[in-house]
>>> print(open('entry17.csv').read())   # CSV, C-alpha atoms
chain,number,residue,atom,x,y,z
A,600,MET,CA,-7.8,25.4,16.6
A,601,PRO,CA,-7.9,22.4,14.2
A,602,VAL,CA,-4.7,20.4,13.7
A,603,ASN,CA,-3.4,21.2,10.2
A,604,ILE,CA,-1.2,18.4,8.8
A,605,SER,CA,-2.0,19.1,5.2
A,606,ASN,CA,1.3,20.8,4.4
A,607,LEU,CA,3.4,18.3,6.4
A,608,THR,CA,4.9,15.0,5.1
A,609,LEU,CA,3.3,11.8,6.5
A,610,SER,CA,5.0,8.4,6.7
A,611,VAL,CA,2.0,6.0,6.5
A,612,PRO,CA,2.2,2.2,7.0
A,613,ALA,CA,0.6,1.4,3.7
A,614,PRO,CA,2.6,-0.2,0.9
A,615,ARG,CA,3.6,1.9,-2.2
A,616,SER,CA,2.2,-0.8,-4.5
A,617,ALA,CA,1.4,-4.5,-4.7
A,618,GLU,CA,5.0,-5.0,-5.9
A,619,ASN,CA,6.6,-2.5,-3.5
A,620,PRO,CA,6.0,-3.2,0.2
A,621,VAL,CA,7.8,-0.1,1.4
A,622,ALA,CA,5.6,2.4,3.4
A,623,VAL,CA,4.4,5.4,1.5
A,624,LEU,CA,5.6,9.0,2.1
A,625,VAL,CA,2.9,11.5,1.1
A,626,SER,CA,1.6,14.9,2.0
A,627,GLY,CA,-0.7,15.2,4.9
A,628,ALA,CA,-3.6,16.2,2.6
A,629,GLU,CA,-3.0,13.0,0.5
A,630,ALA,CA,-2.8,10.9,3.6
A,631,LEU,CA,-6.1,12.2,4.9
A,632,ALA,CA,-7.7,11.6,1.5
A,633,LYS,CA,-6.3,8.2,0.6
A,634,TYR,CA,-5.5,6.4,3.9
A,635,PRO,CA,-8.3,7.2,6.4
A,636,GLN,CA,-7.6,3.8,8.1
A,637,PHE,CA,-4.3,5.3,9.2
A,638,VAL,CA,-4.8,9.1,9.2
A,639,ALA,CA,-8.1,10.6,10.0
A,640,ALA,CA,-9.5,14.0,10.8
A,641,LEU,CA,-11.8,13.9,13.8
A,642,PRO,CA,-14.8,16.1,14.8
A,643,GLY,CA,-13.4,19.0,16.8
A,644,GLY,CA,-10.2,19.3,14.7
A,645,SER,CA,-8.0,16.6,16.1
A,646,VAL,CA,-6.2,14.1,14.0
A,647,ARG,CA,-6.0,10.3,14.7
A,648,LEU,CA,-2.9,8.4,13.6
A,649,SER,CA,-2.8,4.6,13.5
A,650,ALA,CA,0.2,2.3,13.2
A,651,PRO,CA,-0.5,-1.5,13.2
A,652,THR,CA,2.6,-3.4,14.3
A,653,LYS,CA,2.4,-5.7,11.3
A,654,ALA,CA,2.1,-3.4,8.3
A,655,ALA,CA,4.3,-1.6,5.7
A,656,THR,CA,7.6,-0.2,7.0
A,657,THR,CA,10.5,1.9,5.7
A,658,GLU,CA,13.3,0.2,3.9
A,659,SER,CA,15.7,0.3,6.8
A,660,VAL,CA,13.7,-1.2,9.7
A,661,LYS,CA,10.8,-3.6,10.4
A,662,ARG,CA,9.1,-1.2,12.7
A,663,THR,CA,6.0,0.6,11.7
A,664,ARG,CA,5.2,4.3,12.0
A,665,CYS,CA,2.5,6.8,11.3
A,666,GLU,CA,4.5,10.0,11.6
A,667,TRP,CA,4.4,13.6,10.5
A,668,ARG,CA,7.5,15.4,9.6
A,669,GLU,CA,8.4,18.9,8.4
A,670,ASN,CA,9.0,19.3,4.7
A,671,ASP,CA,12.1,21.4,4.9
A,672,TYR,CA,15.3,20.9,6.8
A,673,TRP,CA,16.8,23.7,8.8
A,674,SER,CA,20.0,24.3,10.8
A,675,LEU,CA,20.3,25.5,14.4
A,676,ASP,CA,21.7,28.9,13.2
A,677,SER,CA,18.9,29.5,10.7
A,678,ALA,CA,16.7,31.1,13.5
A,679,PRO,CA,17.0,32.1,17.1
A,680,ASP,CA,14.6,29.4,18.3
A,681,HIS,CA,13.1,26.2,17.0
A,682,TRP,CA,9.9,24.8,18.6
A,683,SER,CA,7.8,21.6,18.3
A,684,LYS,CA,4.7,21.6,20.5
A,685,GLN,CA,2.5,18.5,20.3
A,686,GLU,CA,-0.5,17.8,22.5
A,687,MET,CA,-1.7,14.2,22.1
A,688,MET,CA,-3.3,11.1,23.7
A,689,LEU,CA,-2.4,7.5,23.2
A,690,THR,CA,-5.5,5.4,22.9
A,691,LYS,CA,-3.9,2.1,22.1
A,692,ILE,CA,-0.3,0.8,22.6
A,693,ASN,CA,1.7,-2.0,21.0
A,694,SER,CA,2.6,-5.2,22.9
A,695,GLU,CA,6.0,-3.8,24.0
A,696,GLU,CA,4.3,-0.7,25.4
A,697,ARG,CA,7.0,1.5,23.8
A,698,VAL,CA,6.7,4.1,21.0
A,699,VAL,CA,8.6,7.2,19.8
A,700,ILE,CA,6.3,10.2,19.9
A,701,ALA,CA,8.7,13.1,18.9
A,702,GLN,CA,12.1,13.4,17.1
A,703,ALA,CA,14.6,15.8,15.9
A,704,HIS,CA,16.2,14.0,12.9
A,705,VAL,CA,19.3,14.8,11.0
A,706,LYS,CA,19.6,14.6,7.2
A,707,ASN,CA,21.4,11.5,5.8
A,708,SER,CA,21.9,9.9,9.2
A,709,ASP,CA,20.3,7.1,11.3
A,710,ARG,CA,21.6,8.7,14.5
A,711,PRO,CA,19.1,11.5,15.3
A,712,LEU,CA,19.7,14.3,17.7
A,713,LEU,CA,16.6,13.5,19.8
A,714,LYS,CA,14.0,10.9,20.3
A,715,VAL,CA,11.2,11.2,22.8
A,716,PHE,CA,9.5,8.0,23.9
A,717,TRP,CA,6.4,6.9,25.7
A,718,ASP,CA,7.5,3.8,27.6
A,719,ALA,CA,4.9,2.0,29.6
A,720,GLY,CA,3.6,5.3,31.0
A,721,THR,CA,6.9,7.1,31.3
A,722,VAL,CA,8.0,9.8,28.9
A,723,THR,CA,11.8,9.5,28.3
A,724,MET,CA,14.2,11.1,25.9
A,725,GLY,CA,17.3,9.9,24.2
A,726,TYR,CA,19.8,12.5,22.9
A,727,ARG,CA,23.2,13.0,21.4
A,728,LEU,CA,25.3,15.9,22.5
A,729,LYS,CA,27.7,15.4,19.6
A,730,TYR,CA,26.8,14.9,16.0
A,731,ASN,CA,27.0,11.2,15.0
A,732,ASP,CA,27.7,9.9,18.5
A,733,LYS,CA,27.2,6.1,18.4
A,734,ASP,CA,25.0,5.8,21.4
A,735,PRO,CA,22.4,8.3,22.8
A,736,GLN,CA,22.2,9.3,26.4
A,737,ASN,CA,18.8,8.7,28.0
A,738,VAL,CA,16.8,10.3,30.8
A,739,ASP,CA,13.3,9.8,32.3
A,740,LEU,CA,11.2,13.0,32.2
A,741,LEU,CA,7.6,12.3,33.3
A,742,THR,CA,5.9,9.3,34.9
A,743,GLY,CA,2.2,8.4,35.2
A,744,VAL,CA,1.1,9.2,31.7
A,745,GLU,CA,-1.6,6.6,31.0
A,746,LEU,CA,-3.6,5.6,27.9
A,747,ASN,CA,-6.4,8.0,27.1
A,748,GLN,CA,-4.8,10.9,29.0
A,749,THR,CA,-3.9,14.1,27.1
A,750,PHE,CA,-0.4,15.2,27.5
A,751,GLU,CA,2.0,17.7,25.8
A,752,VAL,CA,5.6,17.4,24.6
A,753,VAL,CA,7.4,20.7,23.9
A,754,VAL,CA,10.8,20.5,22.3
A,755,HIS,CA,12.9,23.7,22.1
A,756,LEU,CA,16.3,24.1,20.3
A,757,SER,CA,18.1,27.4,20.2
A,758,SER,CA,20.6,28.8,17.7
A,759,THR,CA,23.3,28.5,20.3
A,760,GLY,CA,22.6,24.7,20.7
A,761,ALA,CA,20.5,24.7,23.9
A,762,LEU,CA,18.1,21.8,24.0
A,763,THR,CA,15.1,21.5,26.4
A,764,VAL,CA,12.3,18.9,26.3
A,765,ARG,CA,9.3,19.4,28.5
A,766,PRO,CA,6.5,16.9,28.7
A,767,SER,CA,3.5,17.8,30.8
A,768,LEU,CA,0.3,16.2,32.0
A,769,ASN,CA,-2.6,18.4,33.2
A,770,GLY,CA,-0.2,21.4,33.0
A,771,LYS,CA,2.3,19.8,35.3
A,772,GLY,CA,5.6,18.3,34.2
A,773,LYS,CA,9.3,18.2,34.6
A,774,ALA,CA,11.5,20.0,32.1
A,775,SER,CA,14.8,18.4,31.3
A,776,VAL,CA,17.8,20.2,32.4
A,777,GLU,CA,18.9,22.6,29.6
A,778,LEU,CA,21.4,20.6,27.6
A,779,GLN,CA,24.2,22.2,25.6
A,780,LEU,CA,24.8,20.6,22.3
A,781,ASP,CA,28.3,20.4,20.8
A,782,SER,CA,29.1,22.8,18.0
A,783,SER,CA,29.2,19.9,15.6
A,784,TRP,CA,25.4,20.2,15.4
A,785,THR,CA,25.4,23.8,14.4
A,786,LYS,CA,25.4,23.3,10.6
A,787,GLN,CA,23.6,20.0,10.4
A,788,LYS,CA,20.3,19.8,8.6
A,789,LEU,CA,17.6,19.0,11.1
A,790,VAL,CA,13.8,18.3,10.9
A,791,PHE,CA,11.1,17.7,13.5
A,792,HIS,CA,9.0,14.5,13.5
A,793,GLY,CA,6.0,13.5,15.6
A,794,GLY,CA,3.2,11.0,15.9
A,795,ILE,CA,3.9,7.4,16.6
A,796,TYR,CA,6.8,5.1,15.7
A,797,ASN,CA,6.4,1.6,17.2
A,798,GLN,CA,9.5,0.2,19.0
A,799,VAL,CA,8.7,-3.4,18.2
A,800,ALA,CA,9.4,-5.4,15.1
A,801,TYR,CA,6.8,-7.8,13.7
A,802,ASP,CA,7.2,-11.4,12.8
A,803,ASP,CA,5.0,-14.3,11.6
A,804,HIS,CA,3.4,-14.6,15.0
A,805,THR,CA,2.5,-10.9,15.5
A,806,SER,CA,-1.2,-10.4,16.2
A,807,PRO,CA,-3.0,-8.4,13.5
A,808,ASP,CA,-4.6,-6.4,16.4
A,809,ASP,CA,-1.2,-5.3,17.7
A,810,GLY,CA,-0.4,-1.7,17.2
A,811,THR,CA,-0.5,1.9,18.4
A,812,VAL,CA,-3.1,4.7,18.0
A,813,CYS,CA,-2.8,8.3,19.0
A,814,VAL,CA,-4.9,11.4,18.7
A,815,ILE,CA,-3.1,14.7,18.2
A,816,SER,CA,-5.2,17.7,19.5
A,817,ARG,CA,-2.7,20.5,19.0
A,818,LEU,CA,0.4,20.9,16.9
A,819,THR,CA,2.6,24.0,16.6
A,820,LEU,CA,5.9,24.2,14.7
A,821,ALA,CA,7.9,27.4,14.6
A,822,HIS,CA,11.4,28.6,13.6
A,823,GLU,CA,11.7,32.3,14.6
>>> encode(input="entry17.csv", output="structure tokens")
Amino acid sequence: MPVNISNLTLSVPAPRSAENPVAVLVSGAEALAKYPQFVAALPGGSVRLSAPTKAATTESVKRTRCEWRENDYWSLDSAPDHWSKQEMMLTKINSEERVVIAQAHVKNSDRPLLKVFWDAGTVTMGYRLKYNDKDPQNVDLLTGVELNQTFEVVVHLSSTGALTVRPSLNGKGKASVELQLDSSWTKQKLVFHGGIYNQVAYDDHTSPDDGTVCVISRLTLAHE
């Protein structure tokens, strides 16, 4: 089944204008139409996302991203189960070999519930059991995920605050232990993100060739 990002929101590392260097935030359909150097539909239905390290960024950080995100926020108690399933391949990685590939963000906060990283071939997760905890807890989930290998990351959140993250390679992987979130998360407004978010800031010496590219071959989001 083709990956459909048309109705999602895309953060694309292109400036809003010549006068405004902040990265654009557009619909997936507009990203495909206007920014094919960053977002491209491939034969067979996959989608390629590209994030050069030295490009337009959001206002708060000097780290580039080419990410999809859901349009609407939701709370844990709005449905019994919340799923983000993304099958992908990294075909190029930035000089730090570290990129965020999935997130569960919270509205009006820079302390997300969850970030999933690809870190030099290891898939790791950083999570906060309590809303607005200063520092996340981190755990390694899966090793040996190389460039040009297809792998999947499944994130599941339940209405009761159970969190599970399962990355897999060739159908084999290690699920995180089921984590129980604090009740402070219950009414917070959340949203899933995915794609690539470089974990390296650029400077005057950054190579124009530095950056990350991924191909998403399957994407399923559900709240039911």
>>> closest_residue(input="entry17.csv", among="A:Glu777, A:Glu666, A:Glu745, A:Asp676", to="A:His822", atoms="all atoms listed in the file")
A:Asp676
>>> residues_around(input="entry17.csv", residues="stretch 766-775 of chain A", least_positions_apart="3", cutoff="7 Å", atoms="all atoms listed in the file", output="PDB file with C-alpha atoms, in the coordinates of the input")
ATOM      1  CA  LEU A 740      11.200  13.000  32.200  1.00  0.00           C
ATOM      2  CA  LEU A 741       7.600  12.300  33.300  1.00  0.00           C
ATOM      3  CA  THR A 749      -3.900  14.100  27.100  1.00  0.00           C
ATOM      4  CA  PHE A 750      -0.400  15.200  27.500  1.00  0.00           C
ATOM      5  CA  GLU A 751       2.000  17.700  25.800  1.00  0.00           C
ATOM      6  CA  VAL A 752       5.600  17.400  24.600  1.00  0.00           C
ATOM      7  CA  VAL A 753       7.400  20.700  23.900  1.00  0.00           C
ATOM      8  CA  THR A 763      15.100  21.500  26.400  1.00  0.00           C
TER       9      THR A 763
END
>>> closest_residue(input="entry17.csv", among="A:Val646, A:Leu756, A:Val638, A:Leu746", to="A:Leu675", atoms="all atoms listed in the file")
A:Leu756
>>> atom_distance(input="entry17.csv", atom1="atom CA of A:Ala678", atom2="atom CA of A:Arg817")
22.8 Å
>>> closest_residue(input="entry17.csv", among="A:Val744, A:Ser694, A:Ala613, A:Thr759", to="A:Thr663", atoms="only C-alpha atoms")
A:Ala613
>>> residues_near_point(input="entry17.csv", point="(8.6, 26.5, 18.0)", cutoff="9 Å", atoms="only C-alpha atoms", output="JSON, numbers by chain")
{"A": [680, 681, 682, 683, 684, 753, 754, 755, 756, 819, 820, 821, 822, 823]}
>>> atom_distance(input="entry17.csv", atom1="atom CA of A:Val790", atom2="atom CA of A:Val764")
15.5 Å
>>> closest_residue(input="entry17.csv", among="A:Pro679, A:Pro612, A:Gly743, A:Pro620", to="A:Ser649", atoms="all atoms listed in the file")
A:Pro612
>>> closest_residue(input="entry17.csv", among="A:Ala800, A:Leu762, A:Cys813, A:Leu712", to="A:Gln787", atoms="only C-alpha atoms")
A:Leu712
>>> closest_residue(input="entry17.csv", among="A:Pro735, A:Pro614, A:Pro642, A:Pro635", to="A:Ala654", atoms="all atoms listed in the file")
A:Pro614
>>> atom_distance(input="entry17.csv", atom1="atom CA of A:Val814", atom2="atom CA of A:Lys706")
27.3 Å
